[in-house]
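The block underneath contains the structure these notes are about, expressed in structure tokens.
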There are 2 protein chains.
Amino acid sequence: MKTFFQPQSVAVIGASERKHSLGSQLITNLLYGYKGNIYPVNPNYSEIRGMTCYPSVEAVPGQVDLAVVIVPAPAVPEALEDCARKGVRRVMIESAGFAETGEEGAILQERCKEIARKAGIRIWGPNCMGLVDIPRRQLLTFMHPRVYEDGLIPGRISLIVQSGMLSAGFLADLMSERLIGVSKACSIGNKCDVDECDILEYLLEDDETDAVALYLESIPRGRLFVELACSSTKPIVVLKGGKSDAGARAALSHTSSLAGNSALLNSLLEGAGVTLAHDFQQMMELARDLSMIPDTPPQCRTAIMTFSGGSGILACDLLEEKGLEVAEFTPETKEKLSKVFPDWLPPSNPVDLFPAFALKGPLGAYLSAFECVVSDPGVDVIFMHYFAGLYRNFEGIKEMKEQADRAGKQLVLWVIGRREGVGTFRREAEKHRIPVHGELSRAVECLAAAARFKPEREGLSERPDPRSTPDFFTEAARLLEKRKTNRLWDEYDSKRLLERCAIPVVDELSAGTPEEAKKAAQTLGYPVVLKGLVPGEVHKTEFGLVHLNIQSPEDLGKALARIERRVGGVGYYLVQRYRPGEYELIAGFIRDRQFGPCVMFGIGGIFSELQKDVVFARAPLTREEARSMIGRIRGVKLLRGFRGMAPLDEEAMAGILVNLGNLGAFFPDIEQIDINPLVVAGGVPLAVDASVILGRDSVLSERATCVS
Amino acid sequence: MKTFFQPQSVAVIGASERKHSLGSQLITNLLYGYKGNIYPVNPNYSEIRGMTCYPSVEAVPGQVDLAVVIVPAPAVPEALEDCARKGVRRVMIESAGFAETGEEGAILQERCKEIARKAGIRIWGPNCMGLVDIPRRQLLTFMHPRVYEDGLIPGRISLIVQSGMLSAGFLADLMSERLIGVSKACSIGNKCDVDECDILEYLLEDDETDAVALYLESIPRGRLFVELACSSTKPIVVLKGGKSDAGARAALSHTSSLAGNSALLNSLLEGAGVTLAHDFQQMMELARDLSMIPDTPPQCRTAIMTFSGGSGILACDLLEEKGLEVAEFTPETKEKLSKVFPDWLPPSNPVDLFPAFALKGPLGAYLSAFECVVSDPGVDVIFMHYFAGLYRNFEGIKEMKEQADRAGKQLVLWVIGRREGVGTFRREAEKHRIPVHGELSRAVECLAAAARFKPEREGLSERPDPRSTPDFFTEAARLLEKRKTNRLWDEYDSKRLLERCAIPVVDELSAGTPEEAKKAAQTLGYPVVLKGLVPGEVHKTEFGLVHLNIQSPEDLGKALARIERRVGGVGYYLVQRYRPGEYELIAGFIRDRQFGPCVMFGIGGIFSELQKDVVFARAPLTREEARSMIGRIRGVKLLRGFRGMAPLDEEAMAGILVNLGNLGAFFPDIEQIDINPLVVAGGVPLAVDASVILGRDSVLSERATCVS
């Protein structure tokens with residue numbers, strides 16, 4: 001990747017002198033600050049902007065590290081052949097007209113890939129805006145020079161953007177507001193070869209990048225992406241487009257992406273310590289704040305200093321909503337603060353400084369109060385509200401940041417006021433690496449993300465030893481071999497497999513006839529559940545094949561009579577001990593196209609199904625990963641002794657998840673496993689119904705979408 | 001109120017010439033554009049800024065419509081006496097140092113109220129920033145003149161803000177960005193007399209106000225506020241501060257507000273068609289969009305026109321997330337669009353215009369595509385993305401708006417790009433009354449609010465006839481009379497009251513002894529439920545006093561034996577027919593301090609309790625209101641035939657809610673009623689447990705907080 005990012009020489013295939021042409025803009029952009037050799041290539045010119053123009057890359061005298069291609073799509077294969085002849089190993093195809101335009105373009109793209117493969121060329125693009133490195137002033141892009149007319153602001157956040165125009169528009173917006181500095185902006189287009197994983201890997205090692213923000217429409221190498229994220233020490237923020245049906249359709253037509261299962265994707269990314277964004281600007285603010293205040297402790301005990309009671313109150317509301325703490329000051333801090341304030345006002349958090357303005361002046365009030373607050377041992381974060389432009393611009397900001405740094409405290413600002421004042425103030429703050437926000441709720445949202453950053457990264461890089469096969473391997477393998485011709489296993493067979501993998505299942509007996517069923521009930525003891533298992537019938541309950549809580553032989557007789565007609569001859573009976581619980585969970589395994597083998601865990605039952613409270617993690621799982629899955633459920637409160645219920649035996653649950661993950665991970669024939677429900681009684685989970693699906697089939701990923 | 005808003009003459013008590021004094025800033029602000037007579041009042045001056053200064057209001061020769069007071073708090077009562085003598089009937093006290101500062105200040109505030117009451121004076125404030133009327137250039141405020149140094153932008157949105165500094169800061173921010181025009185900004189401070197209801201009532205009739213945005217920390221006259229909102233034809237947006245514990249504590253110290261039960265408050269406001277905001281800028285954008293596109297139809301079939309595939313995709317995601325539709329174009333529209341696009345691109349929604357730029361130029365592409373889309377009968381809204389500043393500023397915007405208006409379609413913009421270009425563009429759009437947003441998610445959020453606006457207002461002004469007493473009045477009154485000395489009614493008594501009010505309750509019999517209980521079970525038929533009712537013991541289940549699903553006399557005997565020790569002598573038994581259901585609901589009545597008698601409805605059971613899916617409405621209810629309560633539950637999908645369950649009998653449920661509301665509304669002794677659970681089997685709701693609480697007591701509002 002380094003050659004893409006730091007080429008010593010660049011050939012521009014399709015360079016031009018024609019005004020407003022992309023080939024001309026590329027040259028203008030390179031001349032802006034690129035330090036290496038530039039070789040314009042175009043048979044129609046002998047000279048461009050005072051530089052020799054070559055008829056082909058092959059004709060270039062010196063070495064060419066990188067070729068940037070901007071000729072029309074049909075001419076691109078020839079350009080690649082040209083590069084191959086010259087021995088160029090890195091080509092950035094910025095031309096459009098490939099897979100994004102339909103079948104014909106896709107064929108063209110395949111041809112390019114083939115040429116590249118043979119010649120050992122790596123391709124960036126096609127259909128992209130290339131690469132902008134702002135600190136280096138190196139613009140390998142055809143974007144309109146007016147985009148950076150207001151200047152480019154170097155920073156330490158790097159961007160990977162799948163959408164070309166968006167990356168340009170977005171940069172222009174950022175640059176123009178002069179708020180968030182950028183290091184590298186990478187537009188990856190159709191990513192026929194170089195993709196987000198390649199670039200992310202590079203940026204995670206890049207000394208000039210503190211955080212990476214990505215807008216992606218697909219993550220085909222999802223598993224690798226998650227692994228990279230787990231290994232990262234830098235914040236990664238992802239905005240995923242194409243989550244909705246309409247969005248996914250548009251994404252397909254846009255850069256021929258595979259949208260994928262978004263519940264699974266979100267959960268895996270979150271589990272890998274990635275921060276998810278929902279909009280462009282918010283993505284940048286998240287990345288900036290995460291890079292500036294990554295040490296925010298999880299409890300995030302926040303002191304609010306404000307010029308307005310109202311914004312202080314709202315800040316409290318927003319902090320509590322996000323589960324962050326409004327700090328409680330020590331008596332010493334209160335005592336010290338009382339000297340800043342008029343007598344009638346007992347100091348408390350939020351610190352409303354307005355009443356103190358009259359005594360000390362605005363600047364004096366802020367500085368004095370800051371000194372009191374920053375030394376309070378119960379304060380982790382100082383969230384300062386500032387009104388810029390009305391009073392003299394705040395010069396103490398640098399000093400306050402230094403004080404905060406010395407005390408190991410985080411400083412975050414919310415600034416409103418007159419436009420020019422706000423602008424100056426924000427630029428000043430950015431220089432001192434203080435996050436500044438224009439909306440309270442955004443500030444708190446970013447603070448919450450920063451508070452999650454460190455704890456979420458704990459133990460991320462520890463993975464199960466891939467060589468240690470599970471204890472149950474031989475037994476499970478034997479059963480799988482026996483049933484391998486069945487794609488959809490029925491409930492009974494499925495639970496036999498689970499049983500072999502030390503997953504607790506409900507007591508049950510199968511029975512071929514009503515008489516056998518009655519005997520089975522006698523053996524198990526009443527109350528029992530009667531189910532009719534009929535091949536191909538997966539919706540047992542909807543089809544009246546399930547009778548719960550049967551109390552006596554007479555009732556069993558009646559129930560048998562009701563289902564006999566449907567079961568007799570084609571299926572058989574299953575008699576289970578009736579075991580009602582306080583609530584239901586679900587667990588499962590899925591082999592995803594992009595993310596590979598994954599374990600699912602969530603809350604079950606009819607109401608929770610609507611809530612879709614489910615998490616995913618890569619299989620196989622460590623025990624610690626399994627435990628943390630349980631903690632990631634939104635309704636985890638329910639599992640931890642809610643309203644007098646026994647708390648869930650989390651160790652038992654984690655064991656089930658580990659075993660499920662091992663089962664799926666070690667047996668590639670298994671495509672999907674569902675345990676639904678996993679009934680919890682007195683805190684103990686027990687598999688009551690289950691299904692196993694073998695074989696690789698496209699239906700599976702879709703099924704997972706329904707489940708989740 | 002009109003005299004406050006349009007006084008012919010204003011006396012400024014505490015006018016001053018001292019630089020930076022509030023009294024001097026008040027005069028400067030009045031001179032900015034106020035057209036009536038200004039009378040400075042201050043015994044220390046004979047002239048201020050060329051105007052005669054009077055020693056007292058009484059000494060003013062002409063009539064004084066309004067006195068604005070800015071003398072120190074202790075001098076305010078005397079100023080009021082002065083006003084009383086002069087016959088001034090409207091006084092705006094902008095001085096601080098009253099109830100917000102503690103007990104002493106509260107006493108001073110009471111004294112002022114008393115003087116005003118006797119003299120027939122209405123007070124605005126104290127502790128406020130007064131009133132700013134931007135179209136009139138009438139600034140009855142001491143705020144710093146630098147706030148409006150960048151000019152004031154007249155508009156048609158009026159503001160009511162409880163926090164002084166906030167209103168100023170906020171105005172400065174708005175004015176400076178020059179984005180959202182304001183009509184009146186009212187800072188109401190401690191609102192010891194004039195409150196948000198008085199002002200809202202005025203603004204709802206004000207020809208210069210299209211929408212009202214409010215930041216409030218309390219709504220003491222909540223019932224009236226809700227009634228005003230129901231009667232309004234204008235959009236009302238409320239940002240409520242002090243919802244969290246920390247926020248409420250801060251609010252108490254800030255403007256001595258009562259925070260109230262926020263779940264109830266939010267639900268009642270939403271039920272009254274109020275749009276709830278969560279941040280300041282968002283509140284303003286909501287108000288602006290609601291005032292500009294109030295006719296957005298609920299399905300909100302949206303066409304997206306964009307310069308970037310990525311933003312189109314994200315817009316789809318965000319629309320679907322908010323339950324809005326991405327429009328499906330007719331074949332005619334697609335046919336027309338295909339002429340705008342290069343051949344390889346099949347036109348679809350979102351319309352990604354970038355590929356068409358080369359053919360028609362950016363402006364041409366937008367205009368041509370707009371013409372195709374605006375006439376599509378399946379399109380309600382056109383959501384246009386624009387990149388400002390890179391190309392020539394968009395002059396077709398006015399024309400597009402006119403086309404949209406003629407076609408009855410809504411137009412909303414998302415604009416990014418170079419700062420100056422964006423600014424110019426946004427101002428232009430604001431002039432043509434087109435909402436412009438800088439963030440996609442905010443644009444969609446506002447669009448969703450606009451789509452809800454019309455449907456939510458339907459039938460809001462229809463209220464039950466207050467004279468029609470319910471059928472059950474006499475019977476219920478008799479029982480209430482009999483039990484009136486009981487504050488907390490037990491389950492049995494409570495259900496007897498419900499029964500009299502035509503609310504279906506589970507079959508049950510009370511029994512004094514185990515023998516009677518066994519007989520009762522025989523009468524009802526097994527399975528039964530056994531409960532022990534012990535005076536003062538409300539947590540029956542937690543105390544082991546409830547045995548469900550008892551199948552036989554033997555089991556009943558065992559259950560009786562287990563609870564006999566606790567029940568015998570002090571309590572009695574309740575035997576109920578066991579009636580399990582598919583799910584549980586809750587319903588109730590509460591008499592709230594601020595909002596009066598209210599009915600509650602929600603989803604019950606252990607999981608839903610955590611979700612807090614509950615709505616409130618004013619009692620008594622019309623049947624239509626009761627129906628709409630059911631529809632407002634977030635999980636309403638569950639009640640309407642989810643996963644093969646019988647749909648809830650909504651008419652029966654609405655009947656229960658109407659009767660509950662009547663019961664509470666017509667019997668002021670009833671403080672609270674809880675029906676929990678209301679078990680639903682086969683779609684039929686039945687009250688299984690209930691409690692009635694009489695007497696007015698502060699504990700009740702707190703209890704409701706727990707429930708909700």
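Ligands are numbered from 1 in the order shown, residues from 1 within each chain, and chains are lettered A, B, ... in the order they appear in the structure tokens.
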Extract the full set of strand (DSSP E or B) residues from segment 230-334 of chain A according to DSSP on the backbone, and format it as a list in words.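 Residues meeting the strand (DSSP E or B) criterion: Ile236, Val237, Val238, Leu239, Lys240, Thr275, Leu276, Ala277, Thr302, Ala303, Ile304, Met305, Thr306 and Val326 of chain A.
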Let me see the file: selected residues, C-alpha atoms, as a PDB file, in the first residue's frame.
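Contents of result29.pdb, freshly written:
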```
ATOM      1  CA  ILE A 236     -12.489   3.421  13.879  1.00  0.00           C
ATOM      2  CA  VAL A 237     -15.844   4.985  12.981  1.00  0.00           C
ATOM      3  CA  VAL A 238     -18.047   3.363  10.346  1.00  0.00           C
ATOM      4  CA  LEU A 239     -21.035   4.809   8.561  1.00  0.00           C
ATOM      5  CA  LYS A 240     -22.691   1.982   6.651  1.00  0.00           C
ATOM      6  CA  THR A 275     -18.090   3.127  16.654  1.00  0.00           C
ATOM      7  CA  LEU A 276     -21.118   3.213  14.359  1.00  0.00           C
ATOM      8  CA  ALA A 277     -22.201   6.514  12.837  1.00  0.00           C
ATOM      9  CA  THR A 302     -18.965  15.114  34.132  1.00  0.00           C
ATOM     10  CA  ALA A 303     -18.741  18.627  35.519  1.00  0.00           C
ATOM     11  CA  ILE A 304     -20.758  21.140  33.524  1.00  0.00           C
ATOM     12  CA  MET A 305     -19.650  24.763  33.408  1.00  0.00           C
ATOM     13  CA  THR A 306     -22.108  27.008  31.658  1.00  0.00           C
ATOM     14  CA  VAL A 326     -23.300  14.190  36.304  1.00  0.00           C
TER      15      VAL A 326
END
```
Using the chain letters and numbers from this document, which residues of segment 512-594 of chain B does DSSP assign to alpha helix (DSSP H), as a PDB file with C-alpha atoms, in the first residue's frame?
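That gives us part13.pdb:
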```
ATOM      1  CA  PRO B 514     -59.583 -22.508  53.587  1.00  0.00           C
ATOM      2  CA  GLU B 515     -62.820 -24.481  53.508  1.00  0.00           C
ATOM      3  CA  GLU B 516     -64.665 -21.637  51.838  1.00  0.00           C
ATOM      4  CA  ALA B 517     -61.798 -21.279  49.395  1.00  0.00           C
ATOM      5  CA  LYS B 518     -62.115 -24.934  48.395  1.00  0.00           C
ATOM      6  CA  LYS B 519     -65.845 -24.491  47.864  1.00  0.00           C
ATOM      7  CA  ALA B 520     -65.176 -21.391  45.777  1.00  0.00           C
ATOM      8  CA  ALA B 521     -62.771 -23.344  43.595  1.00  0.00           C
ATOM      9  CA  GLN B 522     -65.385 -26.020  43.094  1.00  0.00           C
ATOM     10  CA  THR B 523     -67.901 -23.388  42.045  1.00  0.00           C
ATOM     11  CA  LEU B 524     -65.525 -21.681  39.607  1.00  0.00           C
ATOM     12  CA  PRO B 553     -58.370 -29.847  45.060  1.00  0.00           C
ATOM     13  CA  GLU B 554     -55.226 -31.561  46.355  1.00  0.00           C
ATOM     14  CA  ASP B 555     -52.995 -28.889  44.889  1.00  0.00           C
ATOM     15  CA  LEU B 556     -55.299 -26.211  46.250  1.00  0.00           C
ATOM     16  CA  GLY B 557     -55.024 -27.781  49.686  1.00  0.00           C
ATOM     17  CA  LYS B 558     -51.248 -27.615  49.479  1.00  0.00           C
ATOM     18  CA  ALA B 559     -51.313 -23.999  48.325  1.00  0.00           C
ATOM     19  CA  LEU B 560     -53.713 -23.033  51.109  1.00  0.00           C
ATOM     20  CA  ALA B 561     -51.483 -24.708  53.667  1.00  0.00           C
ATOM     21  CA  ARG B 562     -48.573 -22.660  52.470  1.00  0.00           C
ATOM     22  CA  ILE B 563     -50.230 -19.263  52.882  1.00  0.00           C
ATOM     23  CA  GLU B 564     -52.583 -20.014  55.766  1.00  0.00           C
ATOM     24  CA  ARG B 565     -50.171 -18.798  58.392  1.00  0.00           C
ATOM     25  CA  ARG B 566     -49.874 -15.390  56.793  1.00  0.00           C
ATOM     26  CA  VAL B 567     -53.505 -14.903  55.863  1.00  0.00           C
TER      27      VAL B 567
END
```
Which is closest to chain A among B:Gly323, B:Gly525, B:Gly242, B:Gly155, if we use only C-alpha atoms?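 Closest candidate: B:Gly242.
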Ser628 of chain B environment, 12 Å, only C-alpha atoms, sequence neighbours closer than 2 positions dropped, as number ranges by chain: B: 270-272, 455-460, 601, 615-617, 621-626, 630-633, 636, 650-651, 653-654, 657-658
If you keep C-alpha atoms, can you produce a file of those selected residues as a PDB file, in the first residue's frame?
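Produced file again.pdb, reproduced below:
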```pdb
ATOM      1  CA  GLU B 270     -47.514  14.273  21.860  1.00  0.00           C
ATOM      2  CA  GLY B 271     -51.152  13.343  22.151  1.00  0.00           C
ATOM      3  CA  ALA B 272     -51.974  17.038  21.806  1.00  0.00           C
ATOM      4  CA  PRO B 455     -52.742  13.211  11.014  1.00  0.00           C
ATOM      5  CA  GLU B 456     -51.914  13.888  14.636  1.00  0.00           C
ATOM      6  CA  ARG B 457     -54.113  16.970  14.701  1.00  0.00           C
ATOM      7  CA  GLU B 458     -57.205  15.114  13.508  1.00  0.00           C
ATOM      8  CA  GLY B 459     -60.025  15.208  15.997  1.00  0.00           C
ATOM      9  CA  LEU B 460     -57.876  16.881  18.629  1.00  0.00           C
ATOM     10  CA  PHE B 601     -52.468   2.521  28.724  1.00  0.00           C
ATOM     11  CA  VAL B 615     -49.124   6.361  26.823  1.00  0.00           C
ATOM     12  CA  PHE B 616     -51.286   8.863  28.672  1.00  0.00           C
ATOM     13  CA  ALA B 617     -54.300  10.982  27.711  1.00  0.00           C
ATOM     14  CA  LEU B 621     -61.816  10.384  26.975  1.00  0.00           C
ATOM     15  CA  THR B 622     -63.862  10.198  23.823  1.00  0.00           C
ATOM     16  CA  ARG B 623     -63.975   6.764  22.273  1.00  0.00           C
ATOM     17  CA  GLU B 624     -61.875   8.113  19.425  1.00  0.00           C
ATOM     18  CA  GLU B 625     -59.228   9.341  21.857  1.00  0.00           C
ATOM     19  CA  ALA B 626     -59.186   5.940  23.531  1.00  0.00           C
ATOM     20  CA  ILE B 630     -53.936   2.172  21.524  1.00  0.00           C
ATOM     21  CA  GLY B 631     -52.398   3.229  18.222  1.00  0.00           C
ATOM     22  CA  ARG B 632     -49.776   5.328  19.962  1.00  0.00           C
ATOM     23  CA  ILE B 633     -48.121   2.382  21.745  1.00  0.00           C
ATOM     24  CA  VAL B 636     -48.806  -1.624  18.590  1.00  0.00           C
ATOM     25  CA  GLU B 650     -59.606  -2.691  20.199  1.00  0.00           C
ATOM     26  CA  GLU B 651     -63.222  -1.663  20.666  1.00  0.00           C
ATOM     27  CA  MET B 653     -60.058  -2.082  24.987  1.00  0.00           C
ATOM     28  CA  ALA B 654     -61.151   1.435  24.065  1.00  0.00           C
ATOM     29  CA  LEU B 657     -60.140   3.107  28.762  1.00  0.00           C
ATOM     30  CA  VAL B 658     -63.196   5.346  28.339  1.00  0.00           C
TER      31      VAL B 658
END
```
Any idea what's packed within 7 Å of segment 213-227 of chain B, counting only C-alpha atoms, ignoring anything in its chain fewer than 4 positions away? Could you give it as a list in words? Ser158, Leu159, Ile160, Val161, Gln162, Cys197, Ser231, Ile236, Val237, Val238, Leu239, Lys240, Gly241, Gly242, Ala251, Ser257, Leu258, Ala259, Leu269, Ala272, Met283, Met284, Ala287, Gln594, Phe595 and Gly596 of chain B
Next, write the just-selected residues to a file, as an mmCIF file, in the first residue's frame, keeping C-alpha atoms as the atom set.
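Full text of result-v4.cif as output:
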```cif
data_model
loop_
_atom_site.group_PDB
_atom_site.id
_atom_site.type_symbol
_atom_site.label_atom_id
_atom_site.label_comp_id
_atom_site.auth_asym_id
_atom_site.auth_seq_id
_atom_site.Cartn_x
_atom_site.Cartn_y
_atom_site.Cartn_z
ATOM 1 C CA SER B 158 -41.888 32.719 17.685
ATOM 2 C CA LEU B 159 -39.958 31.512 20.686
ATOM 3 C CA ILE B 160 -40.844 31.136 24.344
ATOM 4 C CA VAL B 161 -37.762 30.459 26.447
ATOM 5 C CA GLN B 162 -37.635 29.923 30.174
ATOM 6 C CA CYS B 197 -49.813 29.411 28.555
ATOM 7 C CA SER B 231 -56.911 23.847 19.761
ATOM 8 C CA ILE B 236 -45.877 23.819 18.416
ATOM 9 C CA VAL B 237 -42.441 22.415 19.239
ATOM 10 C CA VAL B 238 -41.444 21.856 22.865
ATOM 11 C CA LEU B 239 -38.002 21.216 24.281
ATOM 12 C CA LYS B 240 -38.434 20.231 27.917
ATOM 13 C CA GLY B 241 -35.440 20.622 30.199
ATOM 14 C CA GLY B 242 -35.135 18.910 33.559
ATOM 15 C CA ALA B 251 -33.977 23.175 37.151
ATOM 16 C CA SER B 257 -39.555 24.884 38.591
ATOM 17 C CA LEU B 258 -41.438 21.726 39.258
ATOM 18 C CA ALA B 259 -40.017 19.141 36.927
ATOM 19 C CA LEU B 269 -47.936 16.721 24.722
ATOM 20 C CA ALA B 272 -51.974 17.038 21.806
ATOM 21 C CA MET B 283 -36.098 22.586 17.983
ATOM 22 C CA MET B 284 -35.726 25.550 15.640
ATOM 23 C CA ALA B 287 -40.412 24.569 13.987
ATOM 24 C CA GLN B 594 -50.150 19.602 36.564
ATOM 25 C CA PHE B 595 -52.181 17.725 33.999
ATOM 26 C CA GLY B 596 -55.229 16.716 36.053
#
```
Report, in Å to a single decimal, how far apart atom CA of Asp674 of chain B and atom CA of Thr541 of chain B are. 15.9 Å
Within 6 Å of segment 5-14 of chain A, counting only C-alpha atoms, which residues show up once you throw out same-chain ones fewer than 2 positions away? Write them as number ranges by chain, please. A: 2-3, 23, 36-42, 64-71
Do you know which residues are at most 8 Å from Asp210 of chain B counting only C-alpha atoms, after dropping those on the same chain fewer than 4 positions away, and could you put them as a list in words?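 Residues near the query, excluding close chain neighbours: Arg156, Ile157, Ser158, Lys234, Pro235 and Ser291 of chain B.
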Filtering to C-alpha atoms, could you give me those residues as an mmCIF file, in the first residue's frame?
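In the end it all went to selection22.cif:
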```
data_model
loop_
_atom_site.group_PDB
_atom_site.id
_atom_site.type_symbol
_atom_site.label_atom_id
_atom_site.label_comp_id
_atom_site.auth_asym_id
_atom_site.auth_seq_id
_atom_site.Cartn_x
_atom_site.Cartn_y
_atom_site.Cartn_z
ATOM 1 C CA ARG B 156 -42.407 33.828 11.330
ATOM 2 C CA ILE B 157 -41.325 31.524 14.132
ATOM 3 C CA SER B 158 -41.888 32.719 17.685
ATOM 4 C CA LYS B 234 -50.070 26.086 14.187
ATOM 5 C CA PRO B 235 -47.147 23.774 14.843
ATOM 6 C CA SER B 291 -44.242 25.857 9.425
#
```
Between atom CA of Ser468 of chain B and atom CA of Gly588 of chain B, what distance in Å does the model show, to one decimal? 21.5 Å
What lies within 9 Å of Gly423 of chain B using only C-alpha atoms, ignoring chain neighbours under 2 positions off, as an MDAnalysis selection string? chainID B and resid 177:179 388 418:421 425:428
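Note that the spacing between atom CA of Gly655 of chain B and atom CA of Ile503 of chain B amounts to 7.9 Å.
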